[in-house]
$ cat input-v8.pdb   # PDB, C-alpha atoms, pLDDT in the B column
ATOM      1  CA  MET A 836      -0.408-196.524-158.841  1.00 90.00           C
ATOM      2  CA  HIS A 837       1.109-195.235-155.622  1.00 97.00           C
ATOM      3  CA  LYS A 838       4.544-193.648-155.444  1.00 98.00           C
ATOM      4  CA  SER A 839       7.591-194.036-153.226  1.00 98.00           C
ATOM      5  CA  ARG A 840      11.236-193.049-153.044  1.00 97.00           C
ATOM      6  CA  ILE A 841      14.110-192.853-150.575  1.00 96.00           C
ATOM      7  CA  ALA A 842      13.302-190.143-148.045  1.00 97.00           C
ATOM      8  CA  ALA A 843      16.408-190.243-145.889  1.00 97.00           C
ATOM      9  CA  PHE A 844      19.468-191.975-144.587  1.00 98.00           C
ATOM     10  CA  VAL A 845      19.237-191.893-140.805  1.00 98.00           C
ATOM     11  CA  ILE A 846      22.331-192.076-138.594  1.00 98.00           C
ATOM     12  CA  ASP A 847      21.130-193.743-135.368  1.00 98.00           C
ATOM     13  CA  SER A 848      23.250-193.148-132.280  1.00 98.00           C
ATOM     14  CA  ARG A 849      22.866-193.593-128.535  1.00 97.00           C
ATOM     15  CA  ILE A 850      24.367-190.210-127.658  1.00 96.00           C
ATOM     16  CA  ASP A 851      22.306-187.018-127.702  1.00 96.00           C
ATOM     17  CA  ALA A 852      21.383-185.775-131.166  1.00 98.00           C
ATOM     18  CA  ALA A 853      23.115-182.392-130.777  1.00 97.00           C
ATOM     19  CA  THR A 854      26.484-184.000-129.969  1.00 97.00           C
ATOM     20  CA  ALA A 855      26.097-186.648-132.675  1.00 98.00           C
ATOM     21  CA  ALA A 856      25.106-183.981-135.226  1.00 98.00           C
ATOM     22  CA  ALA A 857      28.122-181.852-134.296  1.00 98.00           C
ATOM     23  CA  PHE A 858      30.431-184.726-135.276  1.00 98.00           C
ATOM     24  CA  TRP A 859      28.609-185.717-138.468  1.00 98.00           C
ATOM     25  CA  SER A 860      28.136-182.119-139.583  1.00 98.00           C
ATOM     26  CA  GLN A 861      31.877-181.532-139.487  1.00 98.00           C
ATOM     27  CA  ALA A 862      32.773-184.989-140.801  1.00 98.00           C
ATOM     28  CA  LEU A 863      30.458-184.632-143.813  1.00 98.00           C
ATOM     29  CA  ARG A 864      30.920-180.852-144.215  1.00 97.00           C
ATOM     30  CA  ARG A 865      27.166-180.210-144.122  1.00 97.00           C
ATOM     31  CA  LYS A 866      25.468-177.679-141.853  1.00 98.00           C
ATOM     32  CA  VAL A 867      22.965-178.745-139.202  1.00 98.00           C
ATOM     33  CA  GLU A 868      19.511-177.243-139.697  1.00 97.00           C
ATOM     34  CA  PRO A 869      18.320-175.252-136.661  1.00 96.00           C
ATOM     35  CA  VAL A 870      15.823-176.830-134.249  1.00 96.00           C
ATOM     36  CA  GLU A 871      13.385-175.152-131.874  1.00 96.00           C
ATOM     37  CA  ASP A 872      13.946-177.547-128.982  1.00 95.00           C
ATOM     38  CA  PRO A 873      17.601-178.312-128.098  1.00 92.00           C
ATOM     39  CA  ALA A 874      16.430-181.633-126.574  1.00 93.00           C
ATOM     40  CA  ASP A 875      14.936-182.724-129.937  1.00 96.00           C
ATOM     41  CA  ARG A 876      16.012-186.318-130.633  1.00 97.00           C
ATOM     42  CA  TYR A 877      16.479-185.477-134.332  1.00 97.00           C
ATOM     43  CA  ARG A 878      18.746-183.238-136.346  1.00 98.00           C
ATOM     44  CA  THR A 879      18.802-182.703-140.122  1.00 98.00           C
ATOM     45  CA  LEU A 880      21.963-182.078-142.128  1.00 98.00           C
ATOM     46  CA  GLU A 881      21.902-179.780-145.142  1.00 95.00           C
ATOM     47  CA  ALA A 882      21.164-181.602-148.442  1.00 93.00           C
ATOM     48  CA  GLY A 883      20.221-180.669-152.012  1.00 88.00           C
ATOM     49  CA  PRO A 884      16.479-180.587-152.872  1.00 83.00           C
ATOM     50  CA  ASP A 885      16.684-183.780-154.948  1.00 83.00           C
ATOM     51  CA  GLU A 886      18.935-185.626-152.539  1.00 91.00           C
ATOM     52  CA  PRO A 887      17.743-187.966-149.779  1.00 94.00           C
ATOM     53  CA  MET A 888      17.794-186.199-146.409  1.00 96.00           C
ATOM     54  CA  ILE A 889      20.496-187.056-143.894  1.00 97.00           C
ATOM     55  CA  LEU A 890      19.074-187.283-140.387  1.00 98.00           C
ATOM     56  CA  ILE A 891      20.702-187.832-137.006  1.00 98.00           C
ATOM     57  CA  GLN A 892      18.517-189.662-134.485  1.00 98.00           C
ATOM     58  CA  GLN A 893      19.029-190.550-130.839  1.00 98.00           C
ATOM     59  CA  VAL A 894      17.984-194.164-130.273  1.00 97.00           C
ATOM     60  CA  GLN A 895      18.138-196.874-127.579  1.00 95.00           C
ATOM     61  CA  HIS A 896      19.376-199.658-129.879  1.00 94.00           C
ATOM     62  CA  GLU A 897      22.885-200.170-131.208  1.00 96.00           C
ATOM     63  CA  PRO A 898      24.352-197.492-133.510  1.00 97.00           C
ATOM     64  CA  ARG A 899      23.645-197.957-137.205  1.00 98.00           C
ATOM     65  CA  ILE A 900      22.541-196.232-140.399  1.00 98.00           C
ATOM     66  CA  HIS A 901      19.102-197.070-141.747  1.00 98.00           C
ATOM     67  CA  LEU A 902      17.069-195.765-144.644  1.00 98.00           C
ATOM     68  CA  ASP A 903      13.516-194.432-144.814  1.00 98.00           C
ATOM     69  CA  ILE A 904      11.227-194.883-147.825  1.00 98.00           C
ATOM     70  CA  GLU A 905       8.521-192.217-148.156  1.00 98.00           C
ATOM     71  CA  THR A 906       5.230-193.029-149.861  1.00 98.00           C
ATOM     72  CA  ASP A 907       1.804-191.566-150.619  1.00 97.00           C
ATOM     73  CA  ASP A 908       0.110-194.892-149.757  1.00 98.00           C
ATOM     74  CA  MET A 909       1.683-196.644-146.799  1.00 97.00           C
ATOM     75  CA  GLU A 910      -0.376-199.833-146.911  1.00 97.00           C
ATOM     76  CA  ALA A 911       0.180-200.317-150.663  1.00 98.00           C
ATOM     77  CA  GLU A 912       3.905-199.643-150.304  1.00 98.00           C
ATOM     78  CA  VAL A 913       4.335-202.043-147.386  1.00 98.00           C
ATOM     79  CA  ALA A 914       2.452-204.716-149.351  1.00 98.00           C
ATOM     80  CA  ARG A 915       4.663-204.076-152.411  1.00 98.00           C
ATOM     81  CA  LEU A 916       7.806-204.441-150.305  1.00 98.00           C
ATOM     82  CA  GLU A 917       6.456-207.646-148.739  1.00 98.00           C
ATOM     83  CA  GLN A 918       5.961-209.072-152.223  1.00 98.00           C
ATOM     84  CA  LEU A 919       9.624-208.254-152.941  1.00 98.00           C
ATOM     85  CA  GLY A 920      10.668-210.270-149.873  1.00 98.00           C
ATOM     86  CA  ALA A 921      10.750-207.753-147.001  1.00 98.00           C
ATOM     87  CA  ARG A 922       8.814-208.413-143.786  1.00 98.00           C
ATOM     88  CA  ARG A 923       6.867-206.182-141.414  1.00 98.00           C
ATOM     89  CA  VAL A 924       8.536-205.826-138.002  1.00 98.00           C
ATOM     90  CA  GLU A 925       6.300-203.337-136.203  1.00 97.00           C
ATOM     91  CA  PHE A 926       4.234-200.181-136.629  1.00 98.00           C
ATOM     92  CA  VAL A 927       5.696-197.338-134.523  1.00 95.00           C
ATOM     93  CA  LYS A 928       3.824-194.048-134.087  1.00 94.00           C
ATOM     94  CA  ARG A 929       3.393-193.086-137.761  1.00 96.00           C
ATOM     95  CA  TRP A 930       5.675-195.491-139.640  1.00 97.00           C
ATOM     96  CA  TRP A 931       6.289-199.152-140.436  1.00 98.00           C
ATOM     97  CA  VAL A 932       9.585-200.748-139.455  1.00 98.00           C
ATOM     98  CA  MET A 933      10.438-203.465-141.992  1.00 98.00           C
ATOM     99  CA  GLU A 934      13.339-205.864-142.539  1.00 98.00           C
ATOM    100  CA  ALA A 935      14.867-206.425-145.974  1.00 98.00           C
ATOM    101  CA  PRO A 936      15.641-209.950-147.207  1.00 98.00           C
ATOM    102  CA  THR A 937      19.281-208.803-147.043  1.00 98.00           C
ATOM    103  CA  GLY A 938      18.958-208.233-143.284  1.00 98.00           C
ATOM    104  CA  GLN A 939      18.810-204.438-142.837  1.00 98.00           C
ATOM    105  CA  ARG A 940      15.917-202.791-141.061  1.00 98.00           C
ATOM    106  CA  PHE A 941      14.326-199.789-142.753  1.00 98.00           C
ATOM    107  CA  CYS A 942      11.211-197.645-142.294  1.00 98.00           C
ATOM    108  CA  VAL A 943       8.264-196.777-144.531  1.00 98.00           C
ATOM    109  CA  VAL A 944       7.061-193.244-143.775  1.00 98.00           C
ATOM    110  CA  LYS A 945       4.599-190.649-145.053  1.00 98.00           C
ATOM    111  CA  PRO A 946       5.891-188.019-147.547  1.00 96.00           C
ATOM    112  CA  GLN A 947       8.607-185.981-145.828  1.00 93.00           C
ATOM    113  CA  ARG A 948       9.463-183.395-148.492  1.00 87.00           C
ATOM    114  CA  GLY A 949       6.120-182.391-149.992  1.00 85.00           C
ATOM    115  CA  PRO A 950       4.251-184.349-152.707  1.00 89.00           C
ATOM    116  CA  LEU A 951       6.160-187.177-154.364  1.00 93.00           C
ATOM    117  CA  PRO A 952       7.169-186.496-157.990  1.00 88.00           C
TER     118      PRO A 952
ATOM    119  CA  MET B 244      43.171-177.256-147.999  1.00 90.00           C
ATOM    120  CA  HIS B 245      42.077-180.715-149.004  1.00 97.00           C
ATOM    121  CA  LYS B 246      38.491-181.567-149.925  1.00 98.00           C
ATOM    122  CA  SER B 247      36.060-184.321-149.007  1.00 98.00           C
ATOM    123  CA  ARG B 248      32.386-185.205-149.298  1.00 97.00           C
ATOM    124  CA  ILE B 249      30.061-188.172-148.979  1.00 96.00           C
ATOM    125  CA  ALA B 250      30.791-190.569-151.833  1.00 97.00           C
ATOM    126  CA  ALA B 251      28.231-193.264-151.199  1.00 97.00           C
ATOM    127  CA  PHE B 252      25.859-195.088-148.935  1.00 98.00           C
ATOM    128  CA  VAL B 253      26.779-198.764-149.130  1.00 98.00           C
ATOM    129  CA  ILE B 254      24.258-201.514-148.405  1.00 98.00           C
ATOM    130  CA  ASP B 255      26.341-204.432-147.056  1.00 98.00           C
ATOM    131  CA  SER B 256      24.770-207.871-147.301  1.00 98.00           C
ATOM    132  CA  ARG B 257      25.931-211.452-146.997  1.00 97.00           C
ATOM    133  CA  ILE B 258      24.009-212.671-150.042  1.00 96.00           C
ATOM    134  CA  ASP B 259      25.394-212.285-153.571  1.00 96.00           C
ATOM    135  CA  ALA B 260      25.385-208.736-154.895  1.00 98.00           C
ATOM    136  CA  ALA B 261      23.156-209.514-157.899  1.00 97.00           C
ATOM    137  CA  THR B 262      20.370-210.919-155.696  1.00 97.00           C
ATOM    138  CA  ALA B 263      20.724-208.145-153.126  1.00 98.00           C
ATOM    139  CA  ALA B 264      20.688-205.506-155.880  1.00 98.00           C
ATOM    140  CA  ALA B 265      17.554-207.035-157.422  1.00 98.00           C
ATOM    141  CA  PHE B 266      15.694-206.459-154.139  1.00 98.00           C
ATOM    142  CA  TRP B 267      17.022-202.949-153.455  1.00 98.00           C
ATOM    143  CA  SER B 268      16.585-201.835-157.050  1.00 98.00           C
ATOM    144  CA  GLN B 269      12.887-202.648-156.929  1.00 98.00           C
ATOM    145  CA  ALA B 270      12.434-201.469-153.339  1.00 98.00           C
ATOM    146  CA  LEU B 271      14.027-198.066-154.069  1.00 98.00           C
ATOM    147  CA  ARG B 272      12.789-197.825-157.690  1.00 97.00           C
ATOM    148  CA  ARG B 273      16.307-197.237-159.038  1.00 97.00           C
ATOM    149  CA  LYS B 274      17.880-199.183-161.892  1.00 98.00           C
ATOM    150  CA  VAL B 275      21.000-201.299-161.358  1.00 98.00           C
ATOM    151  CA  GLU B 276      23.949-200.176-163.482  1.00 97.00           C
ATOM    152  CA  PRO B 277      25.289-202.968-165.715  1.00 96.00           C
ATOM    153  CA  VAL B 278      28.455-204.839-164.685  1.00 96.00           C
ATOM    154  CA  GLU B 279      30.936-206.740-166.835  1.00 96.00           C
ATOM    155  CA  ASP B 280      31.393-209.631-164.421  1.00 96.00           C
ATOM    156  CA  PRO B 281      28.192-211.171-163.000  1.00 92.00           C
ATOM    157  CA  ALA B 282      30.237-212.383-159.995  1.00 93.00           C
ATOM    158  CA  ASP B 283      31.238-208.800-159.135  1.00 96.00           C
ATOM    159  CA  ARG B 284      30.772-208.246-155.388  1.00 97.00           C
ATOM    160  CA  TYR B 285      29.453-204.726-156.063  1.00 97.00           C
ATOM    161  CA  ARG B 286      26.449-203.222-157.789  1.00 98.00           C
ATOM    162  CA  THR B 287      25.590-199.524-158.245  1.00 98.00           C
ATOM    163  CA  LEU B 288      22.040-198.167-158.221  1.00 98.00           C
ATOM    164  CA  GLU B 289      21.107-195.241-160.430  1.00 95.00           C
ATOM    165  CA  ALA B 290      21.529-191.833-158.746  1.00 93.00           C
ATOM    166  CA  GLY B 291      21.596-188.171-159.775  1.00 88.00           C
ATOM    167  CA  PRO B 292      25.006-186.619-160.547  1.00 83.00           C
ATOM    168  CA  ASP B 293      25.018-184.545-157.337  1.00 83.00           C
ATOM    169  CA  GLU B 294      23.655-187.307-155.139  1.00 91.00           C
ATOM    170  CA  PRO B 295      25.769-189.737-153.107  1.00 94.00           C
ATOM    171  CA  MET B 296      26.037-193.096-154.892  1.00 96.00           C
ATOM    172  CA  ILE B 297      24.067-196.058-153.586  1.00 97.00           C
ATOM    173  CA  LEU B 298      26.148-199.233-153.704  1.00 98.00           C
ATOM    174  CA  ILE B 299      25.314-202.837-152.913  1.00 98.00           C
ATOM    175  CA  GLN B 300      28.243-204.861-151.576  1.00 98.00           C
ATOM    176  CA  GLN B 301      28.620-208.529-150.679  1.00 98.00           C
ATOM    177  CA  VAL B 302      30.420-208.837-147.332  1.00 97.00           C
ATOM    178  CA  GLN B 303      31.290-211.448-144.685  1.00 95.00           C
ATOM    179  CA  HIS B 304      30.194-209.386-141.672  1.00 94.00           C
ATOM    180  CA  GLU B 305      26.650-208.735-140.473  1.00 96.00           C
ATOM    181  CA  PRO B 306      24.305-206.788-142.789  1.00 97.00           C
ATOM    182  CA  ARG B 307      24.375-203.012-142.410  1.00 98.00           C
ATOM    183  CA  ILE B 308      24.503-199.704-144.255  1.00 98.00           C
ATOM    184  CA  HIS B 309      27.727-197.709-144.051  1.00 98.00           C
ATOM    185  CA  LEU B 310      28.877-194.507-145.674  1.00 98.00           C
ATOM    186  CA  ASP B 311      32.008-193.691-147.650  1.00 98.00           C
ATOM    187  CA  ILE B 312      33.728-190.291-147.581  1.00 98.00           C
ATOM    188  CA  GLU B 313      35.773-189.508-150.701  1.00 98.00           C
ATOM    189  CA  THR B 314      38.786-187.194-150.507  1.00 98.00           C
ATOM    190  CA  ASP B 315      41.655-185.837-152.582  1.00 97.00           C
ATOM    191  CA  ASP B 316      44.081-186.311-149.651  1.00 98.00           C
ATOM    192  CA  MET B 317      43.457-189.455-147.678  1.00 97.00           C
ATOM    193  CA  GLU B 318      46.025-188.903-144.931  1.00 97.00           C
ATOM    194  CA  ALA B 319      44.866-185.324-144.295  1.00 98.00           C
ATOM    195  CA  GLU B 320      41.221-186.380-144.250  1.00 98.00           C
ATOM    196  CA  VAL B 321      41.808-189.293-141.867  1.00 98.00           C
ATOM    197  CA  ALA B 322      43.771-186.952-139.567  1.00 98.00           C
ATOM    198  CA  ARG B 323      40.934-184.375-139.729  1.00 98.00           C
ATOM    199  CA  LEU B 324      38.363-187.037-138.808  1.00 98.00           C
ATOM    200  CA  GLU B 325      40.572-188.267-135.944  1.00 98.00           C
ATOM    201  CA  GLN B 326      40.649-184.729-134.566  1.00 98.00           C
ATOM    202  CA  LEU B 327      36.835-184.719-134.672  1.00 98.00           C
ATOM    203  CA  GLY B 328      36.805-187.890-132.547  1.00 98.00           C
ATOM    204  CA  ALA B 329      36.779-190.768-135.058  1.00 98.00           C
ATOM    205  CA  ARG B 330      39.380-193.549-134.838  1.00 98.00           C
ATOM    206  CA  ARG B 331      41.282-195.559-137.440  1.00 98.00           C
ATOM    207  CA  VAL B 332      40.245-199.226-137.523  1.00 98.00           C
ATOM    208  CA  GLU B 333      42.294-200.616-140.432  1.00 97.00           C
ATOM    209  CA  PHE B 334      43.589-199.860-143.905  1.00 98.00           C
ATOM    210  CA  VAL B 335      42.048-202.259-146.454  1.00 96.00           C
ATOM    211  CA  LYS B 336      43.302-202.407-150.061  1.00 94.00           C
ATOM    212  CA  ARG B 337      42.845-198.715-151.013  1.00 96.00           C
ATOM    213  CA  TRP B 338      40.735-197.270-148.195  1.00 97.00           C
ATOM    214  CA  TRP B 339      40.697-196.531-144.455  1.00 98.00           C
ATOM    215  CA  VAL B 340      38.014-198.091-142.288  1.00 98.00           C
ATOM    216  CA  MET B 341      37.217-195.723-139.413  1.00 98.00           C
ATOM    217  CA  GLU B 342      34.778-195.686-136.507  1.00 98.00           C
ATOM    218  CA  ALA B 343      32.761-192.595-135.596  1.00 98.00           C
ATOM    219  CA  PRO B 344      32.465-191.468-131.964  1.00 98.00           C
ATOM    220  CA  THR B 345      28.763-192.325-132.404  1.00 98.00           C
ATOM    221  CA  GLY B 346      29.685-195.973-133.090  1.00 98.00           C
ATOM    222  CA  GLN B 347      29.173-196.443-136.844  1.00 98.00           C
ATOM    223  CA  ARG B 348      31.998-197.671-139.061  1.00 98.00           C
ATOM    224  CA  PHE B 349      32.636-195.754-142.277  1.00 98.00           C
ATOM    225  CA  CYS B 350      35.320-195.671-144.981  1.00 98.00           C
ATOM    226  CA  VAL B 351      37.566-192.935-146.351  1.00 98.00           C
ATOM    227  CA  VAL B 352      38.199-193.521-150.048  1.00 98.00           C
ATOM    228  CA  LYS B 353      39.833-191.846-153.046  1.00 98.00           C
ATOM    229  CA  PRO B 354      37.627-189.699-155.350  1.00 96.00           C
ATOM    230  CA  GLN B 355      34.946-191.946-156.862  1.00 93.00           C
ATOM    231  CA  ARG B 356      33.120-189.526-159.185  1.00 87.00           C
ATOM    232  CA  GLY B 357      35.872-187.438-160.784  1.00 85.00           C
ATOM    233  CA  PRO B 358      37.525-184.394-159.170  1.00 89.00           C
ATOM    234  CA  LEU B 359      35.907-183.059-156.006  1.00 93.00           C
ATOM    235  CA  PRO B 360      34.118-179.708-156.401  1.00 88.00           C
TER     236      PRO B 360
END

$ encode --input "input-v8.pdb" --output "structure tokens"
Amino acid sequence: MHKSRIAAFVIDSRIDAATAAAFWSQALRRKVEPVEDPADRYRTLEAGPDEPMILIQQVQHEPRIHLDIETDDMEAEVARLEQLGARRVEFVKRWWVMEAPTGQRFCVVKPQRGPLP
Amino acid sequence: MHKSRIAAFVIDSRIDAATAAAFWSQALRRKVEPVEDPADRYRTLEAGPDEPMILIQQVQHEPRIHLDIETDDMEAEVARLEQLGARRVEFVKRWWVMEAPTGQRFCVVKPQRGPLP
């Protein structure tokens, strides 16, 4: 049986990730993890090892928060979520964008924090 | 100095909370905590003691995920967030709805999980 769990809550914003992360870091009182490239479209806020990650992402679409589910078997997990009522929207780079029967979009991604427990 | 931290990620949906929670509980592999009133507009998914809560809420507006910040001094926290660039939208029942400079709405609420560390 394959595994999955919440990987992250992702704060999607149109403004650059450094500026967005500066606000959210202070608002949530969590440090921003350093990045090599200042133009990186992602930032990660500090979180406990058993907590979902909190990511800041620069996007083109409207601002929102979405969640990522990480799994060790992407096809099996997407099929499981379809059986629960979600639908596939599109495959982007390395992840599936899906839509929940409650209307929110979310992503199914490969393991982000080492092997799944 | 007052304290604050993330209280919860809230999955807002138009459908009834029991049905929405049934999907998200299975999707995220987290049990739904029991409620006294089946018509309750809220459900809580199981989470670790140091993790933000994951709530399911029935709403009138479009589906989204928002976050709640809990604080031991609501006026001081709202003022702090305003200084960081957020704006007050409206006070509802017992909480402030605010909008981040990155566009997402979020709420500032009283402590939800006992005293803040």

$ resolve_selection --input "input-v8.pdb" --expression "the PyMOL selection byres ((chain A) within 7 of (chain B))" --output "PDB file with C-alpha atoms, in the coordinates of the input"
ATOM      1  CA  ARG A 840      11.236-193.049-153.044  1.00 97.00           C
ATOM      2  CA  ILE A 841      14.110-192.853-150.575  1.00 96.00           C
ATOM      3  CA  SER A 848      23.250-193.148-132.280  1.00 98.00           C
ATOM      4  CA  ILE A 850      24.367-190.210-127.658  1.00 96.00           C
ATOM      5  CA  ALA A 855      26.097-186.648-132.675  1.00 98.00           C
ATOM      6  CA  PHE A 858      30.431-184.726-135.276  1.00 98.00           C
ATOM      7  CA  ALA A 862      32.773-184.989-140.801  1.00 98.00           C
ATOM      8  CA  LEU A 863      30.458-184.632-143.813  1.00 98.00           C
ATOM      9  CA  ARG A 864      30.920-180.852-144.215  1.00 97.00           C
ATOM     10  CA  GLU A 886      18.935-185.626-152.539  1.00 91.00           C
ATOM     11  CA  PRO A 898      24.352-197.492-133.510  1.00 97.00           C
ATOM     12  CA  ARG A 899      23.645-197.957-137.205  1.00 98.00           C
ATOM     13  CA  ILE A 900      22.541-196.232-140.399  1.00 98.00           C
ATOM     14  CA  HIS A 901      19.102-197.070-141.747  1.00 98.00           C
ATOM     15  CA  LEU A 916       7.806-204.441-150.305  1.00 98.00           C
ATOM     16  CA  LEU A 919       9.624-208.254-152.941  1.00 98.00           C
ATOM     17  CA  THR A 937      19.281-208.803-147.043  1.00 98.00           C
ATOM     18  CA  GLY A 938      18.958-208.233-143.284  1.00 98.00           C
ATOM     19  CA  GLN A 939      18.810-204.438-142.837  1.00 98.00           C
TER      20      GLN A 939
END

$ residues_around --input "input-v8.pdb" --residues "Pro277 of chain B" --least-positions-apart "3" --cutoff "12 Å" --atoms "all atoms listed in the file" --output "MDAnalysis selection string"
chainID B and resid 261 264 274 280:281 283 285:289

$ atom_distance --input "input-v8.pdb" --atom1 "atom CA of Trp338 of chain B" --atom2 "atom CA of Leu359 of chain B"
16.9 Å

$ residues_near_point --input "input-v8.pdb" --point "(40.4, -186.9, -158.5)" --cutoff "12 Å" --atoms "only C-alpha atoms" --output "MDAnalysis selection string"
chainID B and resid 245:247 313:317 352:360

$ write_last_selection --input "input-v8.pdb" --atoms "C-alpha atoms" --output "CSV table (one decimal), in the coordinates of the input"
chain,number,residue,atom,x,y,z
B,245,HIS,CA,42.1,-180.7,-149.0
B,246,LYS,CA,38.5,-181.6,-149.9
B,247,SER,CA,36.1,-184.3,-149.0
B,313,GLU,CA,35.8,-189.5,-150.7
B,314,THR,CA,38.8,-187.2,-150.5
B,315,ASP,CA,41.7,-185.8,-152.6
B,316,ASP,CA,44.1,-186.3,-149.7
B,317,MET,CA,43.5,-189.5,-147.7
B,352,VAL,CA,38.2,-193.5,-150.0
B,353,LYS,CA,39.8,-191.8,-153.0
B,354,PRO,CA,37.6,-189.7,-155.4
B,355,GLN,CA,34.9,-191.9,-156.9
B,356,ARG,CA,33.1,-189.5,-159.2
B,357,GLY,CA,35.9,-187.4,-160.8
B,358,PRO,CA,37.5,-184.4,-159.2
B,359,LEU,CA,35.9,-183.1,-156.0
B,360,PRO,CA,34.1,-179.7,-156.4

$ atom_distance --input "input-v8.pdb" --atom1 "atom CA of Gln300 of chain B" --atom2 "atom CA of Ala914 of chain A"
25.9 Å

$ atom_distance --input "input-v8.pdb" --atom1 "atom CA of Val845 of chain A" --atom2 "atom CA of Phe941 of chain A"
9.5 Å

$ resolve_selection --input "input-v8.pdb" --expression "the PyMOL selection byres ((chain A and resi 926) around 12)" --output "PyMOL selection string"
chain A and resi 909-910+913+922-925+927-933+941-944

$ closest_residue --input "input-v8.pdb" --among "A:Val867, A:Ala874, A:Ala911, A:Ala843" --to "Met888 of chain A" --atoms "all atoms listed in the file"
A:Ala843
